[in-house]
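The file entry-v9.cif contains mmCIF, C-alpha atoms:
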data_target
loop_
_atom_site.label_atom_id
_atom_site.label_comp_id
_atom_site.auth_asym_id
_atom_site.auth_seq_id
_atom_site.Cartn_x
_atom_site.Cartn_y
_atom_site.Cartn_z
CA MET A 29 111.86 104.28 87.98
CA ILE A 30 111.77 100.52 87.49
CA GLU A 31 108.40 98.94 86.84
CA TYR A 32 109.08 95.39 88.06
CA TRP A 33 111.41 94.04 90.73
CA ASN A 34 111.70 90.69 88.94
CA PRO A 35 109.85 90.81 85.61
CA GLN A 36 110.63 87.18 84.77
CA ILE A 37 108.74 85.97 87.83
CA GLU A 38 106.13 88.73 88.12
CA ARG A 39 105.01 88.28 84.49
CA MET A 40 105.43 84.50 84.31
CA PRO A 41 102.58 82.70 82.49
CA VAL A 42 99.97 81.36 84.90
CA GLU A 43 100.51 77.76 83.75
CA GLU A 44 104.19 77.98 84.69
CA LEU A 45 103.36 79.60 88.02
CA LYS A 46 100.99 76.78 88.88
CA GLU A 47 103.59 74.19 87.91
CA ILE A 48 106.01 75.84 90.34
CA GLN A 49 103.32 75.90 93.00
CA GLY A 50 102.62 72.20 92.53
CA GLU A 51 106.31 71.26 92.87
CA LYS A 52 106.78 73.46 95.93
CA LEU A 53 103.60 72.12 97.55
CA CYS A 54 104.79 68.51 97.21
CA ASN A 55 108.20 69.41 98.63
CA LEU A 56 106.58 71.39 101.46
CA VAL A 57 104.37 68.50 102.54
CA LYS A 58 107.41 66.19 102.72
CA TYR A 59 109.38 68.84 104.61
CA VAL A 60 106.79 69.46 107.33
CA TYR A 61 106.06 65.75 107.70
CA GLU A 62 109.75 65.14 108.39
CA HIS A 63 110.46 68.19 110.54
CA SER A 64 107.21 69.10 112.32
CA PRO A 65 105.75 66.67 114.88
CA PHE A 66 102.61 68.81 114.81
CA TYR A 67 102.01 68.36 111.07
CA ARG A 68 103.06 64.72 111.12
CA LYS A 69 100.33 64.01 113.66
CA ARG A 70 97.83 66.26 111.85
CA PHE A 71 98.45 64.40 108.57
CA ASP A 72 98.39 60.97 110.24
CA ASP A 73 95.08 61.80 111.92
CA ALA A 74 93.69 62.80 108.52
CA GLY A 75 95.05 59.66 106.86
CA ILE A 76 97.38 61.68 104.62
CA ARG A 77 100.89 60.61 103.60
CA PRO A 78 103.31 62.91 101.74
CA GLU A 79 103.18 60.63 98.68
CA ASP A 80 99.41 61.27 98.44
CA ILE A 81 100.15 64.86 97.36
CA LYS A 82 101.22 64.64 93.72
CA SER A 83 100.01 67.93 92.24
CA LEU A 84 98.47 71.29 93.00
CA ASP A 85 94.98 69.78 92.72
CA ASP A 86 95.68 67.65 95.79
CA VAL A 87 95.89 70.66 98.11
CA THR A 88 92.24 70.19 99.15
CA LYS A 89 93.17 66.79 100.64
CA LEU A 90 95.27 68.56 103.26
CA PRO A 91 93.76 69.62 106.60
CA PHE A 92 93.42 73.26 107.59
CA THR A 93 95.64 75.02 110.11
CA TYR A 94 94.16 77.51 112.57
CA LYS A 95 95.47 80.29 114.81
CA LYS A 96 94.37 78.10 117.74
CA ASP A 97 97.02 75.58 116.66
CA LEU A 98 99.74 78.20 117.13
CA ARG A 99 98.39 79.08 120.55
CA ASP A 100 98.00 75.47 121.62
CA THR A 101 101.64 74.73 120.67
CA TYR A 102 102.99 77.95 122.24
CA PRO A 103 105.71 78.99 122.01
CA THR A 104 107.55 77.01 119.31
CA GLY A 105 105.77 73.67 119.04
CA MET A 106 105.04 74.11 115.32
CA PHE A 107 108.54 75.14 114.30
CA CYS A 108 110.47 73.01 111.82
CA VAL A 109 113.93 74.16 112.89
CA PRO A 110 115.74 74.43 116.24
CA ASN A 111 116.37 77.84 117.80
CA ASN A 112 120.01 77.85 116.68
CA LYS A 113 118.78 78.06 113.07
CA LEU A 114 116.70 81.18 113.77
CA VAL A 115 117.73 84.79 113.33
CA ARG A 116 114.61 86.46 114.77
CA PHE A 117 111.37 86.07 116.73
CA HIS A 118 108.24 88.17 116.42
CA VAL A 119 105.33 87.84 118.86
CA SER A 120 101.70 88.91 118.50
CA SER A 121 100.00 91.01 121.15
CA GLY A 122 97.98 88.10 122.57
CA THR A 123 95.07 90.43 123.38
CA THR A 124 92.51 87.70 122.65
CA GLY A 125 94.37 84.77 124.21
CA LYS A 126 97.85 83.29 124.13
CA PRO A 127 100.19 85.24 121.84
CA THR A 128 101.51 83.63 118.68
CA VAL A 129 105.26 83.33 118.22
CA VAL A 130 106.80 83.33 114.75
CA GLY A 131 110.42 82.45 114.11
CA TYR A 132 112.50 83.29 111.04
CA THR A 133 115.55 81.77 109.44
CA ASP A 134 117.83 83.95 107.38
CA ASN A 135 116.13 82.65 104.22
CA ASP A 136 112.72 83.50 105.69
CA ILE A 137 113.79 87.11 106.22
CA LYS A 138 115.15 87.29 102.67
CA ALA A 139 111.92 85.90 101.19
CA TRP A 140 109.86 88.37 103.26
CA THR A 141 112.06 91.23 102.09
CA THR A 142 111.79 90.12 98.45
CA SER A 143 107.99 89.99 98.71
CA LEU A 144 107.86 93.58 99.91
CA ALA A 145 110.48 94.77 97.41
CA ARG A 146 108.25 93.50 94.60
CA ALA A 147 105.26 95.15 96.26
CA MET A 148 106.97 98.53 96.78
CA THR A 149 108.19 98.52 93.19
CA SER A 150 104.67 97.82 91.94
CA ILE A 151 103.44 101.12 93.45
CA GLY A 152 106.35 103.11 92.06
CA VAL A 153 108.39 103.36 95.27
CA GLY A 154 112.16 103.04 95.06
CA ARG A 155 115.57 104.65 95.17
CA ASP A 156 114.40 108.26 94.84
CA ASP A 157 112.03 108.01 97.81
CA VAL A 158 112.22 108.75 101.52
CA MET A 159 109.90 106.34 103.33
CA GLN A 160 108.65 107.25 106.78
CA ILE A 161 107.53 104.13 108.63
CA GLY A 162 104.82 104.79 111.21
CA TYR A 163 104.13 101.17 112.04
CA GLY A 164 105.31 99.95 115.44
CA TYR A 165 108.81 98.50 115.73
CA GLY A 166 109.65 95.63 118.06
CA LEU A 167 107.61 92.47 118.58
CA PHE A 168 105.01 93.68 116.06
CA THR A 169 106.01 92.76 112.50
CA GLY A 170 104.89 95.96 110.78
CA GLY A 171 107.81 98.28 111.41
CA LEU A 172 110.77 95.97 110.74
CA GLY A 173 108.96 94.24 107.88
CA MET A 174 108.36 97.47 105.99
CA HIS A 175 111.83 98.71 106.93
CA TYR A 176 113.68 95.80 105.32
CA GLY A 177 111.48 95.84 102.21
CA ALA A 178 111.88 99.58 101.69
CA GLU A 179 115.66 99.44 102.12
CA GLU A 180 115.85 96.58 99.62
CA THR A 181 114.28 98.81 96.96
CA GLY A 182 116.83 101.53 97.67
CA CYS A 183 114.53 103.84 99.66
CA THR A 184 115.97 106.07 102.33
CA VAL A 185 114.11 104.91 105.45
CA LEU A 186 112.94 107.08 108.34
CA PRO A 187 112.06 104.59 111.15
CA ALA A 188 109.66 106.87 112.98
CA SER A 189 107.44 104.13 114.49
CA SER A 190 104.06 105.26 115.83
CA GLY A 191 103.31 108.19 118.14
CA ASN A 192 105.06 111.54 118.74
CA THR A 193 102.90 112.88 115.94
CA ASP A 194 104.03 116.52 115.97
CA ARG A 195 107.63 115.35 115.62
CA GLN A 196 106.61 113.02 112.78
CA ILE A 197 105.05 115.89 110.87
CA GLU A 198 108.11 118.07 111.45
CA LEU A 199 110.48 115.35 110.22
CA MET A 200 108.25 114.72 107.23
CA GLN A 201 108.77 118.33 106.21
CA ASP A 202 112.46 118.62 107.12
CA LEU A 203 113.64 115.32 105.60
CA GLY A 204 111.48 115.34 102.48
CA THR A 205 109.35 112.26 103.18
CA THR A 206 107.68 111.06 99.99
CA VAL A 207 106.09 107.81 101.26
CA ILE A 208 104.34 107.10 104.56
CA GLY A 209 103.50 103.64 105.91
CA CYS A 210 101.12 103.32 108.87
CA THR A 211 97.57 102.32 109.77
CA PRO A 212 94.86 104.36 108.02
CA SER A 213 93.54 105.34 111.46
CA TYR A 214 96.89 106.82 112.46
CA PHE A 215 97.20 108.70 109.18
CA LEU A 216 93.77 110.26 109.75
CA PHE A 217 95.07 111.33 113.16
CA MET A 218 98.16 112.80 111.48
CA ILE A 219 95.97 114.74 109.03
CA GLU A 220 94.08 116.31 111.95
CA ALA A 221 97.29 117.08 113.84
CA ALA A 222 98.86 118.67 110.77
CA LYS A 223 95.78 120.79 110.17
CA SER A 224 95.85 121.99 113.79
CA ALA A 225 99.51 122.96 113.32
CA GLY A 226 98.74 124.84 110.10
CA VAL A 227 100.50 122.24 107.92
CA SER A 228 99.09 121.03 104.62
CA PHE A 229 100.41 117.69 103.37
CA GLN A 230 99.67 118.85 99.83
CA ASP A 231 101.38 122.24 100.04
CA ASP A 232 104.00 121.87 102.77
CA THR A 233 105.43 118.37 102.24
CA ASP A 234 106.70 116.16 99.42
CA LEU A 235 104.41 113.31 100.43
CA ARG A 236 102.98 111.49 97.40
CA VAL A 237 102.24 107.88 98.50
CA GLY A 238 100.68 106.24 101.54
CA VAL A 239 100.88 102.51 102.28
CA PHE A 240 98.12 101.69 104.75
CA GLY A 241 97.16 98.44 106.44
CA ALA A 242 97.00 96.37 109.66
CA GLU A 243 93.25 97.07 109.81
CA PRO A 244 90.37 96.93 107.31
CA TRP A 245 89.55 100.17 105.50
CA SER A 246 87.11 100.86 102.71
CA GLU A 247 87.41 102.17 99.16
CA GLU A 248 85.47 105.22 100.27
CA MET A 249 87.98 105.84 103.05
CA ARG A 250 90.74 105.68 100.43
CA LYS A 251 89.04 108.47 98.48
CA ARG A 252 88.75 110.59 101.62
CA ILE A 253 92.45 110.13 102.42
CA GLU A 254 93.60 110.83 98.87
CA GLU A 255 91.52 114.01 98.65
CA SER A 256 92.52 115.25 102.12
CA ALA A 257 96.26 114.65 101.75
CA GLY A 258 96.76 114.86 97.98
CA ILE A 259 98.44 111.45 97.81
CA LYS A 260 97.90 108.01 96.28
CA ALA A 261 96.79 105.59 99.00
CA TYR A 262 97.61 101.89 98.66
CA ASP A 263 96.41 98.88 100.61
CA ILE A 264 98.98 96.52 102.17
CA PHE A 265 98.25 93.04 103.45
CA GLY A 266 99.89 90.42 105.64
CA THR A 267 99.57 88.70 109.00
CA SER A 268 102.12 88.10 111.70
CA GLU A 269 101.76 84.32 111.27
CA LEU A 270 102.66 84.50 107.57
CA SER A 271 105.61 86.85 108.25
CA GLY A 272 104.08 90.29 108.58
CA PRO A 273 103.24 92.85 105.86
CA LEU A 274 103.87 91.09 102.54
CA PHE A 275 101.71 92.28 99.64
CA THR A 276 100.29 95.51 98.25
CA GLU A 277 98.14 96.69 95.43
CA CYS A 278 99.94 97.83 92.31
CA ARG A 279 99.43 101.26 90.78
CA GLU A 280 96.19 100.05 89.17
CA GLN A 281 94.65 99.85 92.70
CA LYS A 282 92.51 96.89 91.61
CA GLY A 283 93.44 94.22 94.14
CA ILE A 284 96.43 93.04 96.16
CA HIS A 285 98.94 90.85 94.33
CA ILE A 286 99.84 87.60 96.14
CA TRP A 287 103.19 86.22 94.92
CA ALA A 288 102.27 82.75 93.71
CA ASP A 289 105.84 81.44 93.73
CA GLN A 290 105.95 82.05 97.49
CA PHE A 291 102.35 81.52 98.59
CA LEU A 292 99.41 79.37 97.54
CA VAL A 293 96.13 81.20 98.07
CA GLU A 294 92.61 79.78 98.22
CA VAL A 295 89.22 81.28 99.01
CA ILE A 296 86.75 78.94 100.69
CA ASP A 297 83.20 78.89 101.97
CA PRO A 298 83.78 79.62 105.70
CA ASP A 299 80.98 77.25 106.70
CA THR A 300 81.73 74.22 104.51
CA GLY A 301 85.47 74.66 103.92
CA GLU A 302 84.94 74.02 100.22
CA PRO A 303 86.65 76.25 97.60
CA VAL A 304 84.44 78.91 96.02
CA PRO A 305 84.65 79.78 92.30
CA ASN A 306 87.06 82.47 91.11
CA GLY A 307 85.47 85.85 91.73
CA GLU A 308 83.17 84.80 94.58
CA ARG A 309 83.48 86.00 98.16
CA GLY A 310 84.83 83.68 100.85
CA GLU A 311 87.42 83.17 103.57
CA LEU A 312 91.08 83.55 102.70
CA VAL A 313 93.33 80.49 103.12
CA ILE A 314 97.09 80.67 102.50
CA THR A 315 99.83 78.03 102.31
CA THR A 316 103.42 79.22 102.68
CA LEU A 317 105.53 77.58 99.98
CA VAL A 318 109.05 78.73 100.91
CA LYS A 319 109.12 79.33 104.69
CA GLU A 320 111.60 77.24 106.66
CA ALA A 321 111.05 78.00 110.34
CA LEU A 322 107.26 78.10 110.53
CA PRO A 323 105.64 76.91 107.31
CA LEU A 324 101.85 76.84 107.40
CA ILE A 325 99.58 74.47 105.48
CA ARG A 326 96.18 75.83 104.42
CA TYR A 327 96.19 78.47 107.15
CA ARG A 328 92.74 79.98 107.61
CA ILE A 329 93.39 83.71 107.77
CA GLY A 330 89.81 84.58 108.67
CA ASP A 331 89.62 87.54 106.27
CA ILE A 332 86.70 87.73 103.86
CA THR A 333 87.73 88.56 100.30
CA VAL A 334 87.51 87.60 96.61
CA LEU A 335 90.25 85.82 94.62
CA ASN A 336 90.96 87.03 91.08
CA TRP A 337 93.34 85.14 88.77
CA ASP A 338 92.75 87.45 85.77
CA GLU A 339 95.90 89.13 84.50
CA CYS A 340 96.19 92.64 85.92
CA GLU A 341 96.49 95.67 83.67
CA CYS A 342 99.94 96.23 85.21
CA GLY A 343 101.13 93.07 83.43
CA ARG A 344 101.58 90.95 86.56
CA THR A 345 100.11 87.47 86.31
CA HIS A 346 100.04 86.62 90.02
CA PRO A 347 96.58 86.33 91.60
CA ARG A 348 94.97 89.21 93.41
CA ILE A 349 92.73 89.37 96.43
CA MET A 350 90.17 92.14 96.32
CA ARG A 351 89.86 94.61 99.17
CA VAL A 352 89.28 92.71 102.41
CA LEU A 353 85.74 93.25 103.65
CA GLY A 354 86.66 92.29 107.20
CA ARG A 355 87.59 89.34 109.34
CA ALA A 356 85.15 86.49 109.81
CA ASP A 357 85.61 86.86 113.58
CA ASP A 358 84.97 90.64 113.36
CA MET A 359 81.59 90.06 111.76
CA LEU A 360 78.66 91.09 113.91
CA ILE A 361 75.40 89.16 113.78
CA VAL A 362 72.64 91.59 114.63
CA ARG A 363 69.11 90.22 114.56
CA GLY A 364 70.26 87.47 112.24
CA ILE A 365 71.96 89.87 109.79
CA ASN A 366 75.72 89.73 109.13
CA VAL A 367 77.33 93.16 109.56
CA PHE A 368 80.97 94.10 108.95
CA PRO A 369 82.41 97.36 110.29
CA GLY A 370 83.80 97.96 106.80
CA GLN A 371 80.28 98.06 105.38
CA VAL A 372 79.36 100.79 107.86
CA GLU A 373 82.50 102.76 106.99
CA SER A 374 81.79 102.42 103.28
CA VAL A 375 78.32 103.94 103.71
CA LEU A 376 79.46 106.76 105.97
CA MET A 377 82.34 107.86 103.75
CA LYS A 378 79.87 108.54 100.93
CA ILE A 379 78.08 111.16 103.08
CA PRO A 380 80.06 114.43 102.98
CA GLU A 381 78.56 115.82 106.19
CA VAL A 382 80.07 113.11 108.39
CA GLY A 383 83.70 112.75 109.40
CA GLU A 384 86.05 109.79 109.28
CA HIS A 385 85.59 108.61 112.87
CA PHE A 386 82.76 106.41 114.11
CA MET A 387 81.96 103.80 116.76
CA ILE A 388 79.56 100.86 116.51
CA ILE A 389 77.87 99.93 119.79
CA VAL A 390 75.74 96.79 120.05
CA ASP A 391 73.51 96.05 123.07
CA ARG A 392 70.89 93.46 123.88
CA ILE A 393 67.79 94.96 125.49
CA ASN A 394 64.85 92.68 126.40
CA GLU A 395 66.37 89.92 124.23
CA LEU A 396 66.48 92.26 121.22
CA ASP A 397 69.77 93.32 119.59
CA ILE A 398 70.12 97.08 119.26
CA MET A 399 72.85 98.59 117.07
CA LYS A 400 73.88 102.21 117.45
CA VAL A 401 76.47 104.08 115.41
CA GLN A 402 78.10 107.17 116.90
CA ILE A 403 79.48 109.39 114.14
CA GLU A 404 81.49 112.56 114.20
CA MET A 405 80.27 115.40 112.04
CA THR A 406 82.64 117.54 110.03
CA ASP A 407 83.25 121.05 111.34
CA VAL A 408 81.44 122.43 108.30
CA ALA A 409 78.34 120.30 108.90
CA PHE A 410 78.10 121.02 112.63
CA SER A 411 75.01 123.01 113.45
CA ASP A 412 73.37 124.38 116.59
CA LYS A 413 69.96 123.81 115.00
CA VAL A 414 68.28 120.70 116.37
CA ASN A 415 66.33 120.12 113.16
CA ASP A 416 69.52 120.07 111.09
CA ILE A 417 71.00 117.40 113.37
CA ILE A 418 67.81 115.32 113.33
CA ASN A 419 67.55 115.48 109.54
CA LEU A 420 71.17 114.43 109.10
CA GLU A 421 70.72 111.53 111.54
CA LYS A 422 67.70 110.37 109.53
CA LYS A 423 69.69 110.62 106.30
CA VAL A 424 72.54 108.52 107.70
CA ALA A 425 70.18 105.97 109.29
CA SER A 426 68.36 105.53 105.99
CA ALA A 427 71.62 105.03 104.08
CA LEU A 428 72.82 102.43 106.59
CA LYS A 429 69.53 100.54 106.54
CA GLY A 430 69.61 100.46 102.74
CA VAL A 431 72.92 98.59 102.80
CA LEU A 432 72.78 96.61 106.05
CA ASN A 433 69.07 95.69 105.86
CA ILE A 434 68.53 96.44 109.54
CA ALA A 435 67.44 99.55 111.39
CA VAL A 436 70.36 101.36 113.03
CA LYS A 437 70.19 104.11 115.63
CA VAL A 438 72.42 107.01 114.63
CA GLU A 439 73.95 109.47 117.08
CA LEU A 440 75.89 112.40 115.66
CA VAL A 441 78.60 113.81 117.90
CA GLU A 442 80.97 116.76 117.70
CA HIS A 443 84.21 116.50 115.77
CA GLY A 444 87.02 115.30 118.03
CA SER A 445 84.81 113.62 120.63
CA LEU A 446 85.50 109.98 119.67
CA PRO A 447 88.81 108.32 120.64
CA ARG A 448 91.74 108.42 118.20
CA SER A 449 94.24 105.64 117.56
CA MET A 450 97.95 105.60 116.75
CA GLY A 451 97.71 101.91 115.86
CA LYS A 452 94.76 99.70 115.06
CA ALA A 453 91.52 101.53 115.64
CA LYS A 454 88.79 100.05 117.84
CA LYS A 455 85.51 100.63 116.03
CA VAL A 456 83.17 98.16 117.74
CA ILE A 457 81.89 97.83 121.30
CA ASP A 458 79.75 94.71 121.60
CA ASN A 459 78.18 94.85 125.04
CA ARG A 460 76.49 91.49 124.43
CA LYS A 461 79.88 89.82 125.04
CA LEU A 462 80.52 91.59 128.35
#

Kindly present the structure from the file in structure tokens form.
Amino acid sequence: MIEYWNPQIERMPVEELKEIQGEKLCNLVKYVYEHSPFYRKRFDDAGIRPEDIKSLDDVTKLPFTYKKDLRDTYPTGMFCVPNNKLVRFHVSSGTTGKPTVVGYTDNDIKAWTTSLARAMTSIGVGRDDVMQIGYGYGLFTGGLGMHYGAEETGCTVLPASSGNTDRQIELMQDLGTTVIGCTPSYFLFMIEAAKSAGVSFQDDTDLRVGVFGAEPWSEEMRKRIEESAGIKAYDIFGTSELSGPLFTECREQKGIHIWADQFLVEVIDPDTGEPVPNGERGELVITTLVKEALPLIRYRIGDITVLNWDECECGRTHPRIMRVLGRADDMLIVRGINVFPGQVESVLMKIPEVGEHFMIIVDRINELDIMKVQIEMTDVAFSDKVNDIINLEKKVASALKGVLNIAVKVELVEHGSLPRSMGKAKKVIDNRKL
């Protein structure tokens, strides 16, 4: 088993990495100014010329890019190459507005694949593995992105996509799947389906690694998954605008490595736009340093995280982002308090009597925000005794208030009564927006 995909780059001294970043940033700014009417106008409006960017320190002079920009220039108004230079399109769902379209040159696909090959290698996945990909194939980037990266490492790939869960479990057993990639919500659904079919992932399959992403999930949820399935669970990160899934944790499970020779990462105060010190929480901003078709300058991802430039125990020198708390636009403001669904999940997963599925419901009654959390109980904890239910609800409500600093109404429901997801789970219903 190889430990690094490219040790020379992955273990490069930080000073050298930052020199490379500075050179690529200067070249990128010239490239987009010459090839992107959008960025030329954006820079001109900001009074920025390519020659003003002389080093990495000048990145803060550059204006931000937003998802709204991609929607406003739909479908290809931000591209730097004509369609005859592209080899692929991917398109977002567009559930909250116009979809975003991302195009790829052949070099873009190769860089994306390299990023994931490094990531897969860092969690010990490679030629001896069978990887079952449960992310959706097609316009969504998850399936094909993981597919190309896994094949590059030498994995045997099972392109299962999402759904048809009983068949997935059968194939996992018959074909000797050792690695699964899907959303954590779908894997929880698979665990339940396997249990109903009398299948134990620990005893009846060769599964040893899960690569989970496309939605926020907590450290406590990781522990639940690892204990339930007997696997090592790793976080994967990416967005469709950047390419798709790109980065994972390494085997240390202490943050997601961002490849600094391909991407420049910043963490900023979401209100002021100013960089925050290393180790402090803020909004993730990424600049693509090598993309040809759709390079992005200081793209505000919207995820809330912490940047860590300390060398990892795995020996990689590239910066890490700590587990994403949630998206800035997923944050709920309830009675003036900021609440992330991930905070709720983190509290609940520490309470053994409750299951993995919950729903946050926010209403406004007589101008007062009311937050309720519906939570499934485990089969073991379910009781016909009213007092047992009431006491458990009080226990959960107290734990939530201790972390969130607001009173939360808790409603315990039977196991299996909340909706399941084969993709990204919906965990919030905010009736104030309806």

Checklist entry - Care to translate the PyMOL selection byres ((chain A and resi 63) around 10) into actual residues of this file, as a ChimeraX atom specification? => result /A:58-62,64-68,106-110,320-321

Counting only C-alpha atoms, which residues of range 335-409 of chain A sit at most 8 Å from some atom of range 296-306 of chain A, and what is each one's closest atom pair with its distance in Å to one decimal, listed by chain and rising residue number, as a tab-separated table?
residue	atom	partner	partner_atom	distance
A:Leu335	CA	A:Asn306	CA	5.8
A:Asn336	CA	A:Asn306	CA	6.0
A:Trp337	CA	A:Asn306	CA	7.2

Next on the checklist: For the provided coordinates, the residues matched by the PyMOL selection byres ((chain A and resi 117) around 8) should be stated as a PyMOL selection string.
Outcome noted: chain A and resi 114-116+118-119+129-132+167

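Applied to this file, the PyMOL selection byres ((chain A and resi 310) around 6) selects the residues Val295, Ile296, Asp297, Arg309, Glu311, Ile332 and Thr333 of chain A.
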
Item to check | For Glu79 in chain A, the nearest of the candidates A:Ile48, A:Gly177, A:Leu56, A:Lys96, counting all atoms listed in the file | outcome: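 Distance minimum relative to Glu79 in chain A lands on A:Leu56.
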
Checklist outcome for this item: Computed gap from CA of Ala453 in chain A to CA of Gly191 in chain A is 13.8 Å

Checklist entry - Counting all atoms listed in the file, which of A:Glu248, A:Asp263, A:Glu243, A:Glu180 gets nearest to Arg351 in chain A? => result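 That would be A:Asp263, the residue with the smallest distance to Arg351 in chain A.
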